[in-house]
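Structure below is protein_39.cif: mmCIF, C-alpha atoms; chains and numbers go by the auth columns.
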```cif
data_data
#
loop_
_atom_site.group_PDB
_atom_site.id
_atom_site.type_symbol
_atom_site.label_atom_id
_atom_site.label_comp_id
_atom_site.label_asym_id
_atom_site.label_seq_id
_atom_site.Cartn_x
_atom_site.Cartn_y
_atom_site.Cartn_z
_atom_site.B_iso_or_equiv
_atom_site.auth_seq_id
_atom_site.auth_asym_id
ATOM 1 C CA MET A 1 8.107 8.024 0.731 0.00 112 A
ATOM 2 C CA THR A 2 7.118 4.470 -0.127 0.00 113 A
ATOM 3 C CA GLY A 3 7.461 1.301 1.909 0.00 114 A
ATOM 4 C CA PRO A 4 8.487 0.946 5.525 0.00 115 A
ATOM 5 C CA LEU A 5 11.129 3.302 6.823 0.00 116 A
ATOM 6 C CA HIS A 6 13.481 0.524 7.984 0.00 117 A
ATOM 7 C CA ALA A 7 13.370 -1.227 4.599 0.00 118 A
ATOM 8 C CA GLN A 8 14.869 1.895 3.018 0.00 119 A
ATOM 9 C CA LEU A 9 17.746 2.357 5.462 0.00 120 A
ATOM 10 C CA SER A 10 21.122 0.777 6.118 0.00 121 A
ATOM 11 C CA ARG A 11 21.947 -0.434 9.622 0.00 122 A
ATOM 12 C CA ARG A 12 23.849 2.757 10.461 0.00 123 A
ATOM 13 C CA GLU A 13 21.142 4.976 8.936 0.00 124 A
ATOM 14 C CA THR A 14 18.593 3.167 11.101 0.00 125 A
ATOM 15 C CA GLN A 15 20.733 3.771 14.194 0.00 126 A
ATOM 16 C CA ILE A 16 20.957 7.468 13.359 0.00 127 A
ATOM 17 C CA MET A 17 17.202 7.743 12.805 0.00 128 A
ATOM 18 C CA ASP A 18 16.610 5.971 16.129 0.00 129 A
ATOM 19 C CA VAL A 19 18.743 8.614 17.860 0.00 130 A
ATOM 20 C CA VAL A 20 16.995 11.453 16.031 0.00 131 A
ATOM 21 C CA PHE A 21 13.579 10.141 17.098 0.00 132 A
ATOM 22 C CA GLN A 22 14.815 9.762 20.688 0.00 133 A
ATOM 23 C CA LEU A 23 16.253 13.258 20.894 0.00 134 A
ATOM 24 C CA GLY A 24 13.910 15.143 18.568 0.00 135 A
ATOM 25 C CA GLU A 25 15.872 18.017 17.077 0.00 136 A
ATOM 26 C CA THR A 26 19.567 17.249 17.362 0.00 137 A
ATOM 27 C CA THR A 27 23.020 17.942 15.972 0.00 138 A
ATOM 28 C CA ALA A 28 25.568 15.639 14.354 0.00 139 A
ATOM 29 C CA ALA A 29 27.743 15.853 17.479 0.00 140 A
ATOM 30 C CA GLU A 30 24.845 14.790 19.722 0.00 141 A
ATOM 31 C CA ILE A 31 24.003 11.923 17.382 0.00 142 A
ATOM 32 C CA LEU A 32 27.624 10.789 17.447 0.00 143 A
ATOM 33 C CA GLU A 33 27.530 10.634 21.271 0.00 144 A
ATOM 34 C CA HIS A 34 24.557 8.244 21.180 0.00 145 A
ATOM 35 C CA LEU A 35 25.715 5.807 18.491 0.00 146 A
ATOM 36 C CA PRO A 36 27.085 2.386 19.379 0.00 147 A
ATOM 37 C CA ASP A 37 30.619 1.903 18.032 0.00 148 A
ATOM 38 C CA PRO A 38 30.492 5.404 16.549 0.00 149 A
ATOM 39 C CA PRO A 39 32.039 6.203 13.182 0.00 150 A
ATOM 40 C CA SER A 40 33.909 9.453 12.530 0.00 151 A
ATOM 41 C CA TYR A 41 32.146 12.805 12.759 0.00 152 A
ATOM 42 C CA SER A 42 32.493 13.255 8.994 0.00 153 A
ATOM 43 C CA ALA A 43 30.878 9.844 8.394 0.00 154 A
ATOM 44 C CA VAL A 44 27.905 10.895 10.526 0.00 155 A
ATOM 45 C CA ARG A 45 27.620 14.161 8.587 0.00 156 A
ATOM 46 C CA ALA A 46 27.726 12.222 5.296 0.00 157 A
ATOM 47 C CA LEU A 47 24.993 9.861 6.514 0.00 158 A
ATOM 48 C CA LEU A 48 22.866 12.807 7.633 0.00 159 A
ATOM 49 C CA THR A 49 23.148 14.239 4.114 0.00 160 A
ATOM 50 C CA ILE A 50 22.092 10.874 2.657 0.00 161 A
ATOM 51 C CA LEU A 51 19.125 10.718 5.050 0.00 162 A
ATOM 52 C CA GLU A 52 18.127 14.233 3.966 0.00 163 A
ATOM 53 C CA ASP A 53 18.427 13.246 0.305 0.00 164 A
ATOM 54 C CA LYS A 54 16.178 10.235 0.994 0.00 165 A
ATOM 55 C CA GLY A 55 13.629 12.579 2.584 0.00 166 A
ATOM 56 C CA HIS A 56 13.868 11.251 6.143 0.00 167 A
ATOM 57 C CA LEU A 57 15.507 14.309 7.729 0.00 168 A
ATOM 58 C CA SER A 58 15.475 18.055 7.378 0.00 169 A
ATOM 59 C CA HIS A 59 17.793 20.599 8.948 0.00 170 A
ATOM 60 C CA ARG A 60 17.915 24.209 10.011 0.00 171 A
ATOM 61 C CA ARG A 61 20.904 26.373 10.777 0.00 172 A
ATOM 62 C CA ASP A 62 21.529 27.469 14.347 0.00 173 A
ATOM 63 C CA GLY A 63 24.582 29.698 14.140 0.00 174 A
ATOM 64 C CA THR A 64 27.325 27.479 12.760 0.00 175 A
ATOM 65 C CA ARG A 65 25.508 24.234 13.620 0.00 176 A
ATOM 66 C CA TYR A 66 22.977 22.276 11.620 0.00 177 A
ATOM 67 C CA VAL A 67 20.070 21.010 13.706 0.00 178 A
ATOM 68 C CA TYR A 68 18.371 17.919 12.267 0.00 179 A
ATOM 69 C CA ALA A 69 14.798 16.727 12.714 0.00 180 A
ATOM 70 C CA PRO A 70 12.787 13.827 11.265 0.00 181 A
ATOM 71 C CA THR A 71 10.407 14.637 8.416 0.00 182 A
ATOM 72 C CA MET A 72 7.786 12.200 9.699 0.00 183 A
ATOM 73 C CA ASP A 73 6.102 12.428 13.056 0.00 184 A
ATOM 74 C CA ASN A 74 6.535 9.846 15.788 0.00 185 A
ATOM 75 C CA GLU A 75 3.216 8.167 15.056 0.00 186 A
ATOM 76 C CA GLN A 76 4.106 7.656 11.381 0.00 187 A
ATOM 77 C CA ALA A 77 7.502 6.250 12.363 0.00 188 A
ATOM 78 C CA GLN A 78 5.916 3.894 14.896 0.00 189 A
ATOM 79 C CA GLN A 79 3.453 2.660 12.284 0.00 190 A
ATOM 80 C CA SER A 80 6.253 2.111 9.767 0.00 191 A
ATOM 81 C CA ALA A 81 8.373 0.208 12.297 0.00 192 A
ATOM 82 C CA LEU A 82 5.421 -1.889 13.411 0.00 193 A
ATOM 83 C CA ASN A 83 4.506 -2.770 9.829 0.00 194 A
ATOM 84 C CA HIS A 84 8.122 -3.789 9.186 0.00 195 A
ATOM 85 C CA LEU A 85 8.205 -5.912 12.358 0.00 196 A
ATOM 86 C CA LEU A 86 4.862 -7.513 11.527 0.00 197 A
ATOM 87 C CA LYS A 87 5.874 -8.477 7.975 0.00 198 A
ATOM 88 C CA THR A 88 9.485 -9.426 8.728 0.00 199 A
ATOM 89 C CA PHE A 89 9.145 -11.484 11.885 0.00 200 A
ATOM 90 C CA PHE A 90 5.479 -12.464 12.220 0.00 201 A
ATOM 91 C CA SER A 91 4.312 -13.260 8.656 0.00 202 A
ATOM 92 C CA GLY A 92 1.846 -10.384 8.886 0.00 203 A
ATOM 93 C CA SER A 93 0.027 -11.937 11.851 0.00 204 A
ATOM 94 C CA ALA A 94 -1.030 -9.393 14.461 0.00 205 A
ATOM 95 C CA SER A 95 -2.103 -12.175 16.826 0.00 206 A
ATOM 96 C CA GLN A 96 1.441 -13.615 16.729 0.00 207 A
ATOM 97 C CA VAL A 97 2.815 -10.180 17.670 0.00 208 A
ATOM 98 C CA VAL A 98 0.439 -9.937 20.625 0.00 209 A
ATOM 99 C CA ALA A 99 1.221 -13.524 21.685 0.00 210 A
ATOM 100 C CA ALA A 100 4.952 -12.748 21.608 0.00 211 A
ATOM 101 C CA LEU A 101 4.379 -9.603 23.645 0.00 212 A
ATOM 102 C CA LEU A 102 2.289 -11.474 26.194 0.00 213 A
ATOM 103 C CA SER A 103 4.918 -14.209 26.526 0.00 214 A
ATOM 104 C CA THR A 104 7.620 -11.718 27.552 0.00 215 A
ATOM 105 C CA ASN A 105 6.211 -11.355 31.074 0.00 216 A
ATOM 106 C CA GLU A 106 7.076 -7.649 30.832 0.00 217 A
ATOM 107 C CA LEU A 107 3.466 -6.456 30.987 0.00 218 A
ATOM 108 C CA SER A 108 2.148 -4.971 34.203 0.00 219 A
ATOM 109 C CA PRO A 109 -1.425 -5.567 35.342 0.00 220 A
ATOM 110 C CA GLU A 110 -2.131 -2.006 34.163 0.00 221 A
ATOM 111 C CA ASP A 111 -0.733 -2.836 30.725 0.00 222 A
ATOM 112 C CA LEU A 112 -2.971 -5.900 30.516 0.00 223 A
ATOM 113 C CA GLU A 113 -6.011 -3.848 31.528 0.00 224 A
ATOM 114 C CA GLU A 114 -5.198 -1.245 28.886 0.00 225 A
ATOM 115 C CA LEU A 115 -4.813 -3.928 26.203 0.00 226 A
ATOM 116 C CA ALA A 116 -8.147 -5.476 27.193 0.00 227 A
ATOM 117 C CA ARG A 117 -9.783 -2.040 27.025 0.00 228 A
ATOM 118 C CA LEU A 118 -8.303 -1.340 23.584 0.00 229 A
ATOM 119 C CA ILE A 119 -9.448 -4.730 22.253 0.00 230 A
ATOM 120 C CA GLU A 120 -12.957 -4.087 23.555 0.00 231 A
ATOM 121 C CA GLN A 121 -12.940 -0.617 22.006 0.00 232 A
ATOM 122 C CA VAL A 122 -11.993 -2.026 18.591 0.00 233 A
ATOM 123 C CA ARG A 123 -14.670 -4.732 18.880 0.00 234 A
ATOM 124 C CA ASN A 124 -17.314 -2.123 19.661 0.00 235 A
ATOM 125 C CA GLU A 125 -16.218 0.040 16.707 0.00 236 A
ATOM 126 C CA ASP A 126 -16.385 -2.964 14.352 0.00 237 A
ATOM 127 C CA GLU A 127 -19.974 -3.672 15.447 0.00 238 A
ATOM 128 C CA LYS A 128 -21.141 -0.194 14.451 0.00 239 A
#
```
Could you take the file, read its structure, and then write that structure out as structure tokens?
Amino acid sequence: MTGPLHAQLSRRETQIMDVVFQLGETTAAEILEHLPDPPSYSAVRALLTILEDKGHLSHRRDGTRYVYAPTMDNEQAQQSALNHLLKTFFSGSASQVVAALLSTNELSPEDLEELARLIEQVRNEDEK
């Protein structure tokens, strides 16, 4: 798979992948329950087939049901989404991403401590 995950997906495909990552292994019916303004069941099944063809999903049979799972792990998906966000909205600037995050006022004192620790850890690794 080349390029960021989100760059390869339509809006609805992205919504489906978001649900799959939230739920882990899941069925078409469960995905349908979690979609905003859901399409028909057959449309979801068709999109799941497309996502399989693109290499983003795999499935296994469980009786008469197909159970779908992402082909990339959560960490790979997070990295892909972050790279897309960084390039699309922040001109590739990590410091702009951090500044935007800090300006949200959503960070707890524990979050700020953890960020400071991670920055220090990276600085120490770069000095080695």
| request: Extract, using all atoms listed in the file, all DNA, RNA and protein residues at most 10 Å from Gly166 (chain A), discarding same-chain residues fewer than 6 positions from it, and format them as a ChimeraX atom specification. | output: /A:112,160,181-183
Top pick for closest residue to Glu141 (chain A), considering A:Ala188, A:Leu223, A:Val155, A:Leu120 and counting all atoms listed in the file
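Looking at the shortest contact to Glu141 (chain A), the residue is A:Val155.
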- For Leu168 (chain A), which of A:Gln133, A:Phe201, A:Met128, A:Ser153 is the closest residue, counting only C-alpha atoms?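 Of A:Gln133, A:Phe201, A:Met128, A:Ser153, the one nearest Leu168 (chain A) is A:Met128, counting only C-alpha atoms.
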Compare A:Thr137, A:Ser206, A:Asn216, A:Thr125 by their minimum atom-to-atom distance to Leu158 (chain A), counting all atoms listed in the file, and give me the closest one.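 The answer is A:Thr125, which sits nearest to Leu158 (chain A).
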Which of A:Gln190, A:Ser202, A:Gln207, A:Thr138 sits closest to Gly174 (chain A) [using all atoms listed in the file]:
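Closest to Gly174 (chain A) of all the choices is A:Thr138.
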Write region 157-185 of chain A as a JSON list (two decimals), keeping the file's coordinate frame, completed to N, CA and C atoms.
```json
[["chain", "number", "residue", "atom", "x", "y", "z"],
["A", 157, "ALA", "N", 28.03, 12.77, 6.62],
["A", 157, "ALA", "CA", 27.73, 12.22, 5.30],
["A", 157, "ALA", "C", 26.42, 11.43, 5.34],
["A", 158, "LEU", "N", 26.23, 10.64, 6.38],
["A", 158, "LEU", "CA", 24.99, 9.86, 6.51],
["A", 158, "LEU", "C", 23.78, 10.77, 6.72],
["A", 159, "LEU", "N", 23.96, 11.85, 7.45],
["A", 159, "LEU", "CA", 22.87, 12.81, 7.63],
["A", 159, "LEU", "C", 22.46, 13.42, 6.30],
["A", 160, "THR", "N", 23.44, 13.71, 5.46],
["A", 160, "THR", "CA", 23.15, 14.24, 4.11],
["A", 160, "THR", "C", 22.38, 13.21, 3.29],
["A", 161, "ILE", "N", 22.79, 11.95, 3.37],
["A", 161, "ILE", "CA", 22.09, 10.87, 2.66],
["A", 161, "ILE", "C", 20.65, 10.76, 3.16],
["A", 162, "LEU", "N", 20.48, 10.82, 4.48],
["A", 162, "LEU", "CA", 19.12, 10.72, 5.05],
["A", 162, "LEU", "C", 18.26, 11.91, 4.63],
["A", 163, "GLU", "N", 18.86, 13.07, 4.49],
["A", 163, "GLU", "CA", 18.13, 14.23, 3.97],
["A", 163, "GLU", "C", 17.74, 14.01, 2.52],
["A", 164, "ASP", "N", 18.69, 13.51, 1.72],
["A", 164, "ASP", "CA", 18.43, 13.25, 0.30],
["A", 164, "ASP", "C", 17.31, 12.22, 0.13],
["A", 165, "LYS", "N", 17.23, 11.25, 1.04],
["A", 165, "LYS", "CA", 16.18, 10.24, 0.99],
["A", 165, "LYS", "C", 14.84, 10.77, 1.51],
["A", 166, "GLY", "N", 14.86, 11.97, 2.10],
["A", 166, "GLY", "CA", 13.63, 12.58, 2.58],
["A", 166, "GLY", "C", 13.26, 12.25, 4.02],
["A", 167, "HIS", "N", 14.17, 11.65, 4.77],
["A", 167, "HIS", "CA", 13.87, 11.25, 6.14],
["A", 167, "HIS", "C", 14.19, 12.32, 7.17],
["A", 168, "LEU", "N", 15.10, 13.24, 6.82],
["A", 168, "LEU", "CA", 15.51, 14.31, 7.73],
["A", 168, "LEU", "C", 15.44, 15.66, 7.03],
["A", 169, "SER", "N", 15.30, 16.68, 7.85],
["A", 169, "SER", "CA", 15.48, 18.06, 7.38],
["A", 169, "SER", "C", 16.41, 18.73, 8.38],
["A", 170, "HIS", "N", 16.93, 19.89, 8.01],
["A", 170, "HIS", "CA", 17.79, 20.60, 8.95],
["A", 170, "HIS", "C", 17.51, 22.09, 8.88],
["A", 171, "ARG", "N", 17.93, 22.75, 9.96],
["A", 171, "ARG", "CA", 17.92, 24.21, 10.01],
["A", 171, "ARG", "C", 19.25, 24.64, 10.59],
["A", 172, "ARG", "N", 19.65, 25.84, 10.24],
["A", 172, "ARG", "CA", 20.90, 26.37, 10.78],
["A", 172, "ARG", "C", 20.65, 27.05, 12.11],
["A", 173, "ASP", "N", 21.54, 26.81, 13.04],
["A", 173, "ASP", "CA", 21.53, 27.47, 14.35],
["A", 173, "ASP", "C", 22.96, 27.97, 14.57],
["A", 174, "GLY", "N", 23.21, 29.18, 14.12],
["A", 174, "GLY", "CA", 24.58, 29.70, 14.14],
["A", 174, "GLY", "C", 25.42, 28.92, 13.15],
["A", 175, "THR", "N", 26.46, 28.28, 13.64],
["A", 175, "THR", "CA", 27.32, 27.48, 12.76],
["A", 175, "THR", "C", 26.92, 26.01, 12.72],
["A", 176, "ARG", "N", 25.94, 25.64, 13.53],
["A", 176, "ARG", "CA", 25.51, 24.23, 13.62],
["A", 176, "ARG", "C", 24.30, 23.97, 12.72],
["A", 177, "TYR", "N", 24.19, 22.74, 12.27],
["A", 177, "TYR", "CA", 22.98, 22.28, 11.62],
["A", 177, "TYR", "C", 22.21, 21.47, 12.67],
["A", 178, "VAL", "N", 20.92, 21.75, 12.78],
["A", 178, "VAL", "CA", 20.07, 21.01, 13.71],
["A", 178, "VAL", "C", 19.12, 20.18, 12.86],
["A", 179, "TYR", "N", 19.13, 18.87, 13.08],
["A", 179, "TYR", "CA", 18.37, 17.92, 12.27],
["A", 179, "TYR", "C", 17.10, 17.49, 12.98],
["A", 180, "ALA", "N", 16.07, 17.20, 12.18],
["A", 180, "ALA", "CA", 14.80, 16.73, 12.71],
["A", 180, "ALA", "C", 14.20, 15.74, 11.71],
["A", 181, "PRO", "N", 13.43, 14.77, 12.19],
["A", 181, "PRO", "CA", 12.79, 13.83, 11.26],
["A", 181, "PRO", "C", 11.69, 14.53, 10.46],
["A", 182, "THR", "N", 11.46, 14.05, 9.25],
["A", 182, "THR", "CA", 10.41, 14.64, 8.42],
["A", 182, "THR", "C", 9.06, 13.97, 8.66],
["A", 183, "MET", "N", 9.06, 12.84, 9.35],
["A", 183, "MET", "CA", 7.79, 12.20, 9.70],
["A", 183, "MET", "C", 7.60, 12.29, 11.20],
["A", 184, "ASP", "N", 6.34, 12.34, 11.62],
["A", 184, "ASP", "CA", 6.10, 12.43, 13.06],
["A", 184, "ASP", "C", 6.28, 11.06, 13.71],
["A", 185, "ASN", "N", 6.30, 11.06, 15.02],
["A", 185, "ASN", "CA", 6.54, 9.85, 15.79],
["A", 185, "ASN", "C", 5.51, 8.76, 15.48]]
```
